[in-house]
$ cat data_3.txt   # compact mmCIF, C-alpha atoms (C1' of nucleotides)
# COMPACT_ATOMS: atom_id res chain seq x y z
CA MET A 1 -0.27 4.30 19.36
CA SER A 2 1.63 7.53 18.90
CA ASP A 3 -1.21 9.59 20.35
CA ALA A 4 0.06 13.05 19.51
CA GLY A 5 -2.62 14.87 21.48
CA GLN A 6 -5.87 14.13 23.21
CA LYS A 7 -9.08 14.04 21.22
CA PRO A 8 -8.05 16.26 18.34
CA THR A 9 -10.76 18.67 17.27
CA SER A 10 -8.79 20.29 14.47
CA ILE A 11 -6.50 19.05 11.75
CA GLU A 12 -3.68 21.03 13.30
CA HIS A 13 -3.55 18.56 16.17
CA VAL A 14 -3.18 15.58 13.97
CA ASP A 15 -0.25 13.75 12.49
CA LEU A 16 -0.81 11.21 9.78
CA ASP A 17 0.81 8.23 11.47
CA VAL A 18 2.84 6.21 9.00
CA LEU A 19 1.00 7.82 6.11
CA GLU A 20 3.03 10.94 6.76
CA ASP A 21 5.89 9.20 4.96
CA THR A 22 3.94 7.17 2.49
CA LEU A 23 4.14 8.31 -1.09
CA SER A 24 1.09 6.33 -2.13
CA PHE A 25 -1.00 8.25 0.39
CA TYR A 26 -0.10 11.55 -1.19
CA ILE A 27 -0.67 10.25 -4.68
CA ARG A 28 -4.09 8.96 -3.75
CA THR A 29 -5.09 12.07 -1.89
CA MET A 30 -3.76 14.54 -4.41
CA ASN A 31 -5.61 12.59 -7.04
CA ILE A 32 -8.91 13.38 -5.39
CA ALA A 33 -8.11 17.07 -5.15
CA VAL A 34 -6.71 17.47 -8.62
CA SER A 35 -9.55 15.52 -10.19
CA ARG A 36 -12.15 17.62 -8.45
CA ASP A 37 -10.49 20.81 -9.56
CA LEU A 38 -10.27 19.55 -13.10
CA ASP A 39 -13.92 18.57 -13.11
CA GLU A 40 -14.88 22.07 -12.09
CA ARG A 41 -12.95 23.60 -14.91
CA LEU A 42 -14.44 21.24 -17.44
CA ASP A 43 -17.93 21.62 -16.11
CA GLY A 44 -20.52 21.21 -18.82
CA LEU A 45 -17.98 20.16 -21.43
CA ASP A 46 -19.17 16.54 -21.61
CA VAL A 47 -15.65 15.34 -21.04
CA ALA A 48 -15.79 15.97 -17.34
CA ARG A 49 -15.81 13.35 -14.57
CA GLY A 50 -13.78 10.23 -14.33
CA THR A 51 -10.41 9.40 -15.77
CA GLY A 52 -10.17 8.55 -19.40
CA LYS A 53 -12.41 10.81 -21.44
CA ILE A 54 -9.82 13.51 -21.83
CA THR A 55 -7.04 11.14 -22.66
CA THR A 56 -9.24 9.26 -25.07
CA LEU A 57 -10.34 12.36 -26.92
CA LEU A 58 -6.85 13.78 -27.22
CA LEU A 59 -5.38 10.49 -28.30
CA VAL A 60 -7.97 9.83 -30.94
CA ASP A 61 -7.58 13.37 -32.16
CA SER A 62 -3.82 13.13 -32.52
CA HIS A 63 -3.76 9.51 -33.61
CA PRO A 64 -6.64 8.95 -36.00
CA GLY A 65 -7.51 5.29 -36.32
CA ILE A 66 -6.15 4.35 -32.91
CA ARG A 67 -7.66 1.25 -31.35
CA PRO A 68 -9.64 1.09 -28.13
CA SER A 69 -7.30 -1.53 -26.74
CA VAL A 70 -4.30 0.72 -27.17
CA ILE A 71 -5.98 3.52 -25.30
CA ALA A 72 -7.10 1.07 -22.65
CA GLN A 73 -3.50 0.14 -21.95
CA LEU A 74 -2.44 3.75 -21.72
CA ILE A 75 -5.11 4.67 -19.22
CA MET A 76 -5.09 1.31 -17.46
CA LYS A 77 -8.69 0.39 -18.00
CA ASP A 78 -9.95 -3.04 -18.89
CA ARG A 79 -11.61 -3.53 -22.23
CA SER A 80 -15.14 -3.39 -20.92
CA ALA A 81 -14.61 -0.09 -19.17
CA MET A 82 -12.93 1.25 -22.26
CA GLY A 83 -15.80 0.11 -24.44
CA ARG A 84 -18.33 1.86 -22.30
CA LEU A 85 -16.30 5.03 -22.33
CA ILE A 86 -16.16 5.03 -26.10
CA GLU A 87 -19.83 4.22 -26.37
CA GLN A 88 -20.58 7.24 -24.28
CA MET A 89 -18.38 9.48 -26.37
CA ILE A 90 -19.96 8.23 -29.57
CA ASP A 91 -23.38 8.97 -28.10
CA HIS A 92 -22.13 12.48 -27.43
CA ASP A 93 -21.04 12.73 -31.05
CA LEU A 94 -17.38 13.17 -30.22
CA LEU A 95 -16.07 10.01 -31.85
CA VAL A 96 -16.90 7.58 -34.59
CA ARG A 97 -15.88 4.00 -34.83
CA GLN A 98 -15.33 1.65 -37.73
CA THR A 99 -13.96 -1.83 -37.93
CA SER A 100 -10.46 -2.06 -39.29
CA ALA A 101 -10.14 -3.42 -42.82
CA SER A 102 -6.96 -5.35 -42.11
CA GLU A 103 -7.96 -6.56 -38.65
CA ARG A 104 -11.66 -7.12 -38.61
CA ARG A 105 -11.64 -7.83 -34.89
CA ALA A 106 -10.34 -4.37 -34.15
CA HIS A 107 -11.94 -0.97 -34.32
CA GLU A 108 -10.51 2.27 -35.54
CA LEU A 109 -11.50 5.48 -33.82
CA PHE A 110 -11.79 8.93 -35.28
CA VAL A 111 -12.94 12.26 -33.94
CA THR A 112 -15.99 14.00 -35.34
CA THR A 113 -15.91 17.71 -36.10
CA LYS A 114 -17.42 18.30 -32.70
CA GLY A 115 -14.80 16.04 -31.16
CA ALA A 116 -11.96 17.88 -32.85
CA GLU A 117 -13.33 21.20 -31.67
CA LEU A 118 -13.63 19.94 -28.14
CA ALA A 119 -10.09 18.56 -28.23
CA ALA A 120 -8.82 21.94 -29.35
CA LYS A 121 -10.79 23.57 -26.60
CA ILE A 122 -9.69 21.38 -23.73
CA ARG A 123 -6.00 21.15 -24.59
CA PRO A 124 -5.18 24.55 -23.13
CA ILE A 125 -7.59 24.03 -20.24
CA VAL A 126 -5.95 20.80 -19.20
CA THR A 127 -2.47 22.22 -19.46
CA LYS A 128 -3.40 25.34 -17.56
CA GLN A 129 -5.26 23.44 -14.89
CA SER A 130 -2.22 21.36 -14.06
CA LYS A 131 0.06 24.39 -13.99
CA ASP A 132 -2.36 26.40 -11.89
CA PHE A 133 -3.16 23.64 -9.51
CA PHE A 134 0.48 23.05 -8.70
CA SER A 135 1.43 26.68 -9.05
CA PHE A 136 2.68 27.02 -5.52
CA ILE A 137 5.31 24.45 -6.30
CA ALA A 138 8.28 25.96 -8.08
CA GLU A 139 8.39 25.27 -11.83
CA GLU A 140 11.61 23.43 -11.33
CA GLU A 141 10.19 21.13 -8.72
CA GLN A 142 7.08 20.53 -10.76
CA ALA A 143 9.29 19.40 -13.59
CA GLN A 144 11.21 17.13 -11.24
CA VAL A 145 8.10 15.45 -9.98
CA MET A 146 6.80 15.10 -13.49
CA ASP A 147 10.01 13.54 -14.75
CA ILE A 148 9.94 10.99 -12.01
CA LEU A 149 6.28 10.17 -12.35
CA ARG A 150 6.61 9.97 -16.11
CA ARG A 151 9.25 7.32 -15.73
CA ALA A 152 7.07 5.52 -13.23
CA TYR A 153 4.15 5.68 -15.58
CA ARG A 154 6.08 4.30 -18.53
CA LYS A 155 7.42 1.47 -16.52
CA MET A 156 3.95 0.82 -15.28
CA ILE A 157 2.31 0.38 -18.62
CA GLY A 158 5.24 -1.54 -20.01
CA MET A 159 6.58 1.17 -22.26
CA LYS A 160 10.24 1.05 -23.04
CA MET B 1 -2.92 17.58 -34.56
CA SER B 2 0.47 16.03 -34.14
CA ASP B 3 -0.42 12.70 -35.74
CA ALA B 4 2.75 10.85 -34.80
CA GLY B 5 2.07 7.74 -36.85
CA GLN B 6 -0.76 6.17 -38.79
CA LYS B 7 -3.31 4.06 -36.96
CA PRO B 8 -1.25 3.02 -34.02
CA THR B 9 -1.73 -0.61 -33.01
CA SER B 10 0.66 -0.57 -30.08
CA ILE B 11 1.44 1.81 -27.27
CA GLU B 12 4.95 2.22 -28.65
CA HIS B 13 3.55 4.23 -31.55
CA VAL B 14 1.74 6.67 -29.36
CA ASP B 15 2.64 9.94 -27.74
CA LEU B 16 0.38 11.42 -25.12
CA ASP B 17 -0.27 14.76 -26.77
CA VAL B 18 -0.23 17.58 -24.22
CA LEU B 19 -0.73 15.08 -21.42
CA GLU B 20 2.89 14.10 -21.85
CA ASP B 21 3.77 17.26 -19.92
CA THR B 22 0.81 17.43 -17.63
CA LEU B 23 1.47 16.62 -14.02
CA SER B 24 -2.15 16.06 -13.23
CA PHE B 25 -2.30 13.30 -15.83
CA TYR B 26 0.47 11.39 -14.12
CA ILE B 27 -1.04 11.89 -10.70
CA ARG B 28 -4.38 10.61 -11.88
CA THR B 29 -2.94 7.66 -13.73
CA MET B 30 -0.48 6.63 -11.04
CA ASN B 31 -3.33 6.80 -8.59
CA ILE B 32 -5.16 4.09 -10.46
CA ALA B 33 -2.12 1.85 -10.53
CA VAL B 34 -1.04 2.38 -6.97
CA SER B 35 -4.57 1.92 -5.65
CA ARG B 36 -5.00 -1.33 -7.49
CA ASP B 37 -1.73 -2.64 -6.19
CA LEU B 38 -2.64 -1.65 -2.67
CA ASP B 39 -6.02 -3.32 -2.90
CA GLU B 40 -4.36 -6.54 -3.91
CA ARG B 41 -2.09 -6.49 -0.93
CA LEU B 42 -4.92 -5.77 1.45
CA ASP B 43 -7.22 -8.33 -0.07
CA GLY B 44 -9.58 -9.79 2.46
CA LEU B 45 -8.56 -7.39 5.21
CA ASP B 46 -11.84 -5.47 5.22
CA VAL B 47 -9.97 -2.23 4.87
CA ALA B 48 -9.40 -2.72 1.16
CA ARG B 49 -11.00 -0.73 -1.66
CA GLY B 50 -11.52 2.99 -1.82
CA THR B 51 -9.66 5.80 -0.20
CA GLY B 52 -10.29 6.51 3.41
CA LYS B 53 -10.61 3.30 5.35
CA ILE B 54 -6.90 2.97 5.94
CA THR B 55 -6.43 6.58 6.88
CA THR B 56 -9.48 6.48 9.13
CA LEU B 57 -8.35 3.38 10.97
CA LEU B 58 -4.81 4.61 11.50
CA LEU B 59 -5.95 8.04 12.56
CA VAL B 60 -8.46 6.76 15.06
CA ASP B 61 -5.89 4.32 16.39
CA SER B 62 -3.27 6.97 16.93
CA HIS B 63 -5.66 9.73 17.96
CA PRO B 64 -8.31 8.19 20.19
CA GLY B 65 -11.40 10.35 20.37
CA ILE B 66 -10.81 12.04 17.04
CA ARG B 67 -13.90 13.41 15.31
CA PRO B 68 -15.33 12.29 12.02
CA SER B 69 -15.23 15.83 10.69
CA VAL B 70 -11.50 16.11 11.32
CA ILE B 71 -10.82 12.91 9.41
CA ALA B 72 -13.14 14.08 6.66
CA GLN B 73 -11.03 17.17 6.13
CA LEU B 74 -7.83 15.16 6.05
CA ILE B 75 -9.09 12.75 3.44
CA MET B 76 -11.19 15.32 1.60
CA LYS B 77 -14.54 13.68 1.94
CA ASP B 78 -17.78 15.38 2.73
CA ARG B 79 -19.52 14.60 5.96
CA SER B 80 -22.05 12.22 4.51
CA ALA B 81 -19.43 10.12 2.78
CA MET B 82 -17.41 10.12 5.96
CA GLY B 83 -20.41 9.05 7.96
CA ARG B 84 -21.03 6.10 5.71
CA LEU B 85 -17.41 5.07 5.90
CA ILE B 86 -17.51 5.08 9.69
CA GLU B 87 -20.82 3.27 9.74
CA GLN B 88 -19.27 0.55 7.67
CA MET B 89 -16.25 0.27 9.91
CA ILE B 90 -18.43 0.10 12.99
CA ASP B 91 -20.41 -2.70 11.38
CA HIS B 92 -17.14 -4.50 10.85
CA ASP B 93 -16.34 -4.04 14.53
CA LEU B 94 -13.27 -1.93 13.90
CA LEU B 95 -14.45 1.27 15.54
CA VAL B 96 -16.84 2.48 18.18
CA ARG B 97 -18.43 5.87 18.40
CA GLN B 98 -19.70 7.94 21.29
CA THR B 99 -20.96 11.46 21.52
CA SER B 100 -18.55 13.90 23.07
CA ALA B 101 -19.37 15.07 26.57
CA SER B 102 -18.19 18.60 25.99
CA GLU B 103 -19.55 18.97 22.47
CA ARG B 104 -22.73 17.01 22.23
CA ARG B 105 -22.97 17.63 18.49
CA ALA B 106 -19.71 15.85 17.91
CA HIS B 107 -18.70 12.21 18.05
CA GLU B 108 -15.56 10.68 19.37
CA LEU B 109 -14.12 7.66 17.67
CA PHE B 110 -12.14 4.83 19.17
CA VAL B 111 -10.75 1.59 17.84
CA THR B 112 -11.95 -1.75 19.10
CA THR B 113 -9.50 -4.51 19.93
CA LYS B 114 -10.06 -5.86 16.48
CA GLY B 115 -9.49 -2.41 15.02
CA ALA B 116 -6.25 -1.96 16.92
CA GLU B 117 -5.01 -5.32 15.72
CA LEU B 118 -5.87 -4.50 12.16
CA ALA B 119 -4.14 -1.14 12.43
CA ALA B 120 -1.01 -2.85 13.69
CA LYS B 121 -1.25 -5.32 10.87
CA ILE B 122 -1.69 -2.88 8.03
CA ARG B 123 0.86 -0.29 9.11
CA PRO B 124 3.83 -2.27 7.78
CA ILE B 125 1.86 -3.39 4.74
CA VAL B 126 1.01 0.13 3.72
CA THR B 127 4.54 1.36 4.23
CA LYS B 128 6.03 -1.55 2.37
CA GLN B 129 3.56 -1.29 -0.47
CA SER B 130 4.52 2.29 -1.16
CA LYS B 131 8.22 1.53 -1.02
CA ASP B 132 7.89 -1.53 -3.19
CA PHE B 133 5.63 0.08 -5.71
CA PHE B 134 8.00 2.95 -6.29
CA SER B 135 11.10 0.85 -5.79
CA PHE B 136 12.47 1.52 -9.26
CA ILE B 137 12.68 5.18 -8.35
CA ALA B 138 15.79 5.99 -6.36
CA GLU B 139 15.18 6.50 -2.64
CA GLU B 140 16.37 10.02 -2.97
CA GLU B 141 13.95 10.84 -5.74
CA GLN B 142 11.11 9.19 -3.88
CA ALA B 143 11.85 11.44 -0.96
CA GLN B 144 11.90 14.46 -3.24
CA VAL B 145 8.55 13.67 -4.74
CA MET B 146 7.12 12.98 -1.33
CA ASP B 147 8.40 16.26 0.09
CA ILE B 148 6.83 18.17 -2.71
CA LEU B 149 3.53 16.35 -2.61
CA ARG B 150 3.41 16.63 1.14
CA ARG B 151 3.64 20.38 0.85
CA ALA B 152 0.98 20.32 -1.82
CA TYR B 153 -1.25 18.21 0.36
CA ARG B 154 -0.92 20.46 3.37
CA LYS B 155 -1.66 23.51 1.38
CA MET B 156 -4.60 21.73 -0.09
CA ILE B 157 -6.34 20.89 3.15
CA GLY B 158 -5.53 24.26 4.62
CA MET B 159 -2.87 23.10 7.03
CA LYS B 160 -0.27 25.62 7.98
C1' DA C 1 -7.28 -28.64 -42.86
C1' DA C 2 -9.27 -28.97 -38.35
C1' DA C 3 -8.93 -27.97 -33.76
C1' DT C 4 -7.28 -24.87 -30.29
C1' DA C 5 -5.75 -20.76 -28.43
C1' DA C 6 -5.35 -15.91 -28.38
C1' DT C 7 -7.08 -11.28 -29.32
C1' DA C 8 -10.69 -7.44 -29.80
C1' DG C 9 -14.66 -6.05 -28.31
C1' DT C 10 -19.55 -6.35 -26.05
C1' DT C 11 -22.95 -7.19 -22.50
C1' DG C 12 -24.99 -7.94 -18.02
C1' DC C 13 -24.70 -7.75 -13.15
C1' DA C 14 -23.53 -6.73 -8.63
C1' DT C 15 -20.91 -3.59 -5.81
C1' DT C 16 -19.15 0.84 -4.68
C1' DT C 17 -18.62 5.61 -4.74
C1' DG C 18 -19.60 10.20 -5.02
C1' DT C 19 -22.71 14.12 -4.91
C1' DC C 20 -26.42 16.76 -3.71
C1' DC C 21 -29.91 18.11 -0.76
C1' DA C 22 -32.70 18.30 2.93
C1' DC C 23 -33.13 17.33 7.85
C1' DT C 24 -32.15 17.16 13.20
C1' DA C 25 -29.45 18.51 17.12
C1' DT C 26 -26.37 21.46 19.36
C1' DT C 27 -23.56 25.39 20.10
C1' DT C 28 -22.14 30.23 19.29
C1' DG C 29 -22.81 35.13 18.41
C1' DC C 30 -25.36 39.09 18.47
C1' DG D 1 -33.87 34.74 22.70
C1' DC D 2 -33.07 34.39 17.68
C1' DA D 3 -30.17 33.56 13.74
C1' DA D 4 -26.30 31.50 11.97
C1' DA D 5 -22.82 28.11 12.09
C1' DT D 6 -21.31 23.38 13.07
C1' DA D 7 -21.70 18.10 13.54
C1' DG D 8 -23.76 14.45 11.93
C1' DT D 9 -27.64 11.53 9.41
C1' DG D 10 -30.44 9.75 5.63
C1' DG D 11 -32.21 9.30 0.91
C1' DA D 12 -31.96 9.55 -3.96
C1' DC D 13 -29.48 9.26 -7.99
C1' DA D 14 -25.85 9.04 -11.29
C1' DA D 15 -21.28 6.96 -12.39
C1' DA D 16 -17.53 4.07 -12.14
C1' DT D 17 -15.37 -0.62 -11.27
C1' DG D 18 -14.69 -5.34 -11.49
C1' DC D 19 -15.96 -9.81 -13.01
C1' DA D 20 -17.44 -13.26 -15.88
C1' DA D 21 -19.60 -14.97 -19.84
C1' DC D 22 -20.22 -14.39 -24.75
C1' DT D 23 -19.35 -13.40 -30.11
C1' DA D 24 -16.24 -12.70 -33.82
C1' DT D 25 -11.94 -12.89 -35.92
C1' DT D 26 -7.14 -14.15 -36.43
C1' DA D 27 -2.99 -17.12 -35.20
C1' DT D 28 -0.96 -21.30 -33.87
C1' DT D 29 -0.54 -26.19 -33.51
C1' DT D 30 -0.39 -30.60 -35.05
$ encode --input "data_3.txt" --output "C-alpha cells"
Amino acid sequence: MSDAGQKPTSIEHVDLDVLEDTLSFYIRTMNIAVSRDLDERLDGLDVARGTGKITTLLLVDSHPGIRPSVIAQLIMKDRSAMGRLIEQMIDHDLLVRQTSASERRAHELFVTTKGAELAAKIRPIVTKQSKDFFSFIAEEEQAQVMDILRRAYRKMIGMK
Amino acid sequence: MSDAGQKPTSIEHVDLDVLEDTLSFYIRTMNIAVSRDLDERLDGLDVARGTGKITTLLLVDSHPGIRPSVIAQLIMKDRSAMGRLIEQMIDHDLLVRQTSASERRAHELFVTTKGAELAAKIRPIVTKQSKDFFSFIAEEEQAQVMDILRRAYRKMIGMK
DNA sequence: AAATAATAGTTGCATTTGTCCACTATTTGC
DNA sequence: GCAAATAGTGGACAAATGCAACTATTATTT
C-alpha cells in the first residue's frame, strides 16, 4: 500500500504502483493508443480495425500464393481466426483464394486489382502513422526500440 | 511488389514488407503475445483477460478512494467501459464503491480484503511475467525500451 | 497396403470487448 | 438562475477471441 496521496482526483496524483516499471504494461497500453490512432487514419478503408488485415494484405501482395497458415504464424492468430479474416477480405474483394495444386490441403492467396490498389495506398499511410505517432521520440531511439522489439518478435514466432 | 520468393510455405521465406520497419507493427504484435502469456499466468485469478483489471486493482489498492474517471484516463478507456469493469470487480468482491462526500457526482473506490489479498498476490506475478517474457533481451535494453515507452505513455495520457 | 497421425482449413458457439449514444445527477461559471 | 461541463449509468450493436468438433488431404508407421 504505497498510498502516494489521498483520494487522487487527477492523474497527476497517481503513481502506477509496480506497473511503473513493467514493460508489459507499457506495451499493452501503447498498443491501445497506437491501434486507435491507426484506425482513425484508415477510417473507411475496409482494412481498419483489429490486427491482421493490414499485415495480411501487404503479405499477400508481396508474396503471391502465400498460405493462410503462414500468415497466421506471423500475426499469431489461430487458424480459425485467420480463416475468418481472409473470408472477410474476400467478401470485400481484396483477395482471392485457390487450392494449391501441389498441396491440395492448402490454399494460395492472391490480391485482386482492388486489393493491390489498397495495398499501394496503405503502405505509406502505415509507415507514416508509425513515424508520426512516435514522432516525439528521437529517430535514434525509435530505431533502438524497433531493433529490440524486432528481435523479440522474431524469437517469439520462432524465426531464426 | 517486392516478391521475395515464390509461394512461401514457411515463415522463413517471408519478409514483412514495410511492416519490417514499422514500430507500430511490433507494438501491436508483441501486445498479443505478451497479453496471452500474462493471461496464462493469471489463469483462474479473476483478474485475467483484457486490459484494465490488473491496473484497476493495483491502483485502487495503492490509492484508496481513487475515482473511476482517473483510472479510465490512465488505462485509456471511456467511462462506460470503465464502469463495466468496476461493476464486474465489485461483483467479484474485489472492490467497493461509495459516492464521494465532497463531490457527489464522483465515486470513491476501495479494495475489499479479498481485493487487497489479490493485489498482493498478483504484484510479483505481473513483475515477474514482464521480466521473464522479455528475458532474452538484455536488462539494459529492457530498461531502455521501458524508458522510452514510459515517456511515450505519459505524453499520450497528457501527463506532464 | 491399411491404419494412424499430422496438417490445412472450416464451422459453430459462447464469451468478451469496444463503441456509440442517450440519459441522470451534480457542480461550476456566467 | 441558466447553461455548460463533469461523473457515472445503461442499452444496443458490431467485432474479436478462444475452443472444440469436423472434413479433406498428405505423411508416417508397421
$ residues_around --input "data_3.txt" --residues "DT24 in chain C" --least-positions-apart "6" --cutoff "12 Å" --atoms "all atoms listed in the file" --output "list in words"
Arg105 of chain B; DA7, DG8, DT9 and DG10 of chain D
$ closest_residue --input "data_3.txt" --among "D:DA20, D:DG11, D:DA5, D:DT26" --to "chain A" --atoms "all atoms listed in the file"
D:DT26
$ residues_around --input "data_3.txt" --residues "range 70-74 of chain A" --least-positions-apart "4" --cutoff "6 Å" --atoms "only C-alpha atoms (C1' of nucleotides)" --output "PDB file with C-alpha atoms, in the coordinates of the input"
ATOM      1  CA  MET A  82     -12.930   1.250 -22.260  1.00  0.00           C
TER       2      MET A  82
ATOM      3  CA  SER B  10       0.660  -0.570 -30.080  1.00  0.00           C
ATOM      4  CA  ILE B  11       1.440   1.810 -27.270  1.00  0.00           C
TER       5      ILE B  11
END
$ interface_residues --input "data_3.txt" --of "chain C" --to "chain A" --cutoff "10 Å" --atoms "all atoms listed in the file" --output "PyMOL selection string"
chain C and resi 7-11
$ residues_around --input "data_3.txt" --residues "range 147-158 of chain A" --least-positions-apart "2" --cutoff "10 Å" --atoms "all atoms listed in the file" --output "ChimeraX atom specification"
/A:73-76,141-145,160 /B:11-12,20-23,25-27,29-30,33-34,133-138,141-142,144-145
$ closest_residue --input "data_3.txt" --among "A:Asp17, A:Asp78, A:Glu108, A:Asp39" --to "chain D" --atoms "only C-alpha atoms (C1' of nucleotides)"
A:Asp78
$ build_atoms --input "data_3.txt" --residues "range 5-33 of chain A" --atoms "N, CA and C atoms" --output "JSON list (two decimals), in the coordinates of the input"
[["chain", "number", "residue", "atom", "x", "y", "z"],
["A", 5, "GLY", "N", -1.90, 13.90, 20.66],
["A", 5, "GLY", "CA", -2.62, 14.87, 21.48],
["A", 5, "GLY", "C", -3.99, 14.30, 21.78],
["A", 6, "GLN", "N", -4.59, 14.74, 22.84],
["A", 6, "GLN", "CA", -5.87, 14.13, 23.21],
["A", 6, "GLN", "C", -7.03, 14.64, 22.37],
["A", 7, "LYS", "N", -7.85, 13.73, 21.92],
["A", 7, "LYS", "CA", -9.08, 14.04, 21.22],
["A", 7, "LYS", "C", -9.00, 15.26, 20.30],
["A", 8, "PRO", "N", -8.28, 15.14, 19.24],
["A", 8, "PRO", "CA", -8.05, 16.26, 18.34],
["A", 8, "PRO", "C", -9.37, 16.77, 17.75],
["A", 9, "THR", "N", -9.55, 18.06, 17.82],
["A", 9, "THR", "CA", -10.76, 18.67, 17.27],
["A", 9, "THR", "C", -10.43, 19.54, 16.06],
["A", 10, "SER", "N", -9.19, 19.53, 15.65],
["A", 10, "SER", "CA", -8.79, 20.29, 14.47],
["A", 10, "SER", "C", -7.64, 19.57, 13.78],
["A", 11, "ILE", "N", -7.54, 19.76, 12.49],
["A", 11, "ILE", "CA", -6.50, 19.05, 11.75],
["A", 11, "ILE", "C", -5.11, 19.45, 12.19],
["A", 12, "GLU", "N", -4.99, 20.59, 12.84],
["A", 12, "GLU", "CA", -3.68, 21.03, 13.30],
["A", 12, "GLU", "C", -3.11, 20.10, 14.38],
["A", 13, "HIS", "N", -4.00, 19.41, 15.06],
["A", 13, "HIS", "CA", -3.55, 18.56, 16.17],
["A", 13, "HIS", "C", -3.13, 17.17, 15.72],
["A", 14, "VAL", "N", -3.27, 16.95, 14.44],
["A", 14, "VAL", "CA", -3.18, 15.58, 13.97],
["A", 14, "VAL", "C", -1.91, 15.32, 13.16],
["A", 15, "ASP", "N", -1.27, 14.20, 13.43],
["A", 15, "ASP", "CA", -0.25, 13.75, 12.49],
["A", 15, "ASP", "C", -0.80, 12.53, 11.78],
["A", 16, "LEU", "N", -0.21, 12.21, 10.66],
["A", 16, "LEU", "CA", -0.81, 11.21, 9.78],
["A", 16, "LEU", "C", -0.27, 9.80, 10.00],
["A", 17, "ASP", "N", 0.31, 9.58, 11.18],
["A", 17, "ASP", "CA", 0.81, 8.23, 11.47],
["A", 17, "ASP", "C", 1.81, 7.85, 10.39],
["A", 18, "VAL", "N", 1.85, 6.62, 10.00],
["A", 18, "VAL", "CA", 2.84, 6.21, 9.00],
["A", 18, "VAL", "C", 2.56, 6.81, 7.61],
["A", 19, "LEU", "N", 1.35, 7.27, 7.42],
["A", 19, "LEU", "CA", 1.00, 7.82, 6.11],
["A", 19, "LEU", "C", 1.77, 9.09, 5.81],
["A", 20, "GLU", "N", 2.20, 9.74, 6.89],
["A", 20, "GLU", "CA", 3.03, 10.94, 6.76],
["A", 20, "GLU", "C", 4.20, 10.71, 5.79],
["A", 21, "ASP", "N", 4.73, 9.51, 5.80],
["A", 21, "ASP", "CA", 5.89, 9.20, 4.96],
["A", 21, "ASP", "C", 5.58, 8.16, 3.90],
["A", 22, "THR", "N", 4.35, 8.17, 3.46],
["A", 22, "THR", "CA", 3.94, 7.17, 2.49],
["A", 22, "THR", "C", 3.55, 7.84, 1.19],
["A", 23, "LEU", "N", 4.36, 7.64, 0.19],
["A", 23, "LEU", "CA", 4.14, 8.31, -1.09],
["A", 23, "LEU", "C", 2.77, 7.98, -1.67],
["A", 24, "SER", "N", 2.37, 6.72, -1.54],
["A", 24, "SER", "CA", 1.09, 6.33, -2.13],
["A", 24, "SER", "C", -0.07, 7.11, -1.51],
["A", 25, "PHE", "N", 0.05, 7.44, -0.24],
["A", 25, "PHE", "CA", -1.00, 8.25, 0.39],
["A", 25, "PHE", "C", -1.15, 9.60, -0.31],
["A", 26, "TYR", "N", -0.04, 10.23, -0.56],
["A", 26, "TYR", "CA", -0.10, 11.55, -1.19],
["A", 26, "TYR", "C", -0.59, 11.46, -2.63],
["A", 27, "ILE", "N", -0.19, 10.42, -3.30],
["A", 27, "ILE", "CA", -0.67, 10.25, -4.68],
["A", 27, "ILE", "C", -2.18, 10.09, -4.67],
["A", 28, "ARG", "N", -2.66, 9.24, -3.80],
["A", 28, "ARG", "CA", -4.09, 8.96, -3.75],
["A", 28, "ARG", "C", -4.88, 10.20, -3.33],
["A", 29, "THR", "N", -4.35, 10.92, -2.38],
["A", 29, "THR", "CA", -5.09, 12.07, -1.89],
["A", 29, "THR", "C", -5.05, 13.23, -2.87],
["A", 30, "MET", "N", -3.87, 13.47, -3.42],
["A", 30, "MET", "CA", -3.76, 14.54, -4.41],
["A", 30, "MET", "C", -4.63, 14.24, -5.63],
["A", 31, "ASN", "N", -4.75, 12.98, -5.93],
["A", 31, "ASN", "CA", -5.61, 12.59, -7.04],
["A", 31, "ASN", "C", -7.04, 13.10, -6.85],
["A", 32, "ILE", "N", -7.55, 12.92, -5.66],
["A", 32, "ILE", "CA", -8.91, 13.38, -5.39],
["A", 32, "ILE", "C", -9.00, 14.89, -5.62],
["A", 33, "ALA", "N", -8.07, 15.61, -5.06],
["A", 33, "ALA", "CA", -8.11, 17.07, -5.15],
["A", 33, "ALA", "C", -7.95, 17.55, -6.59]]
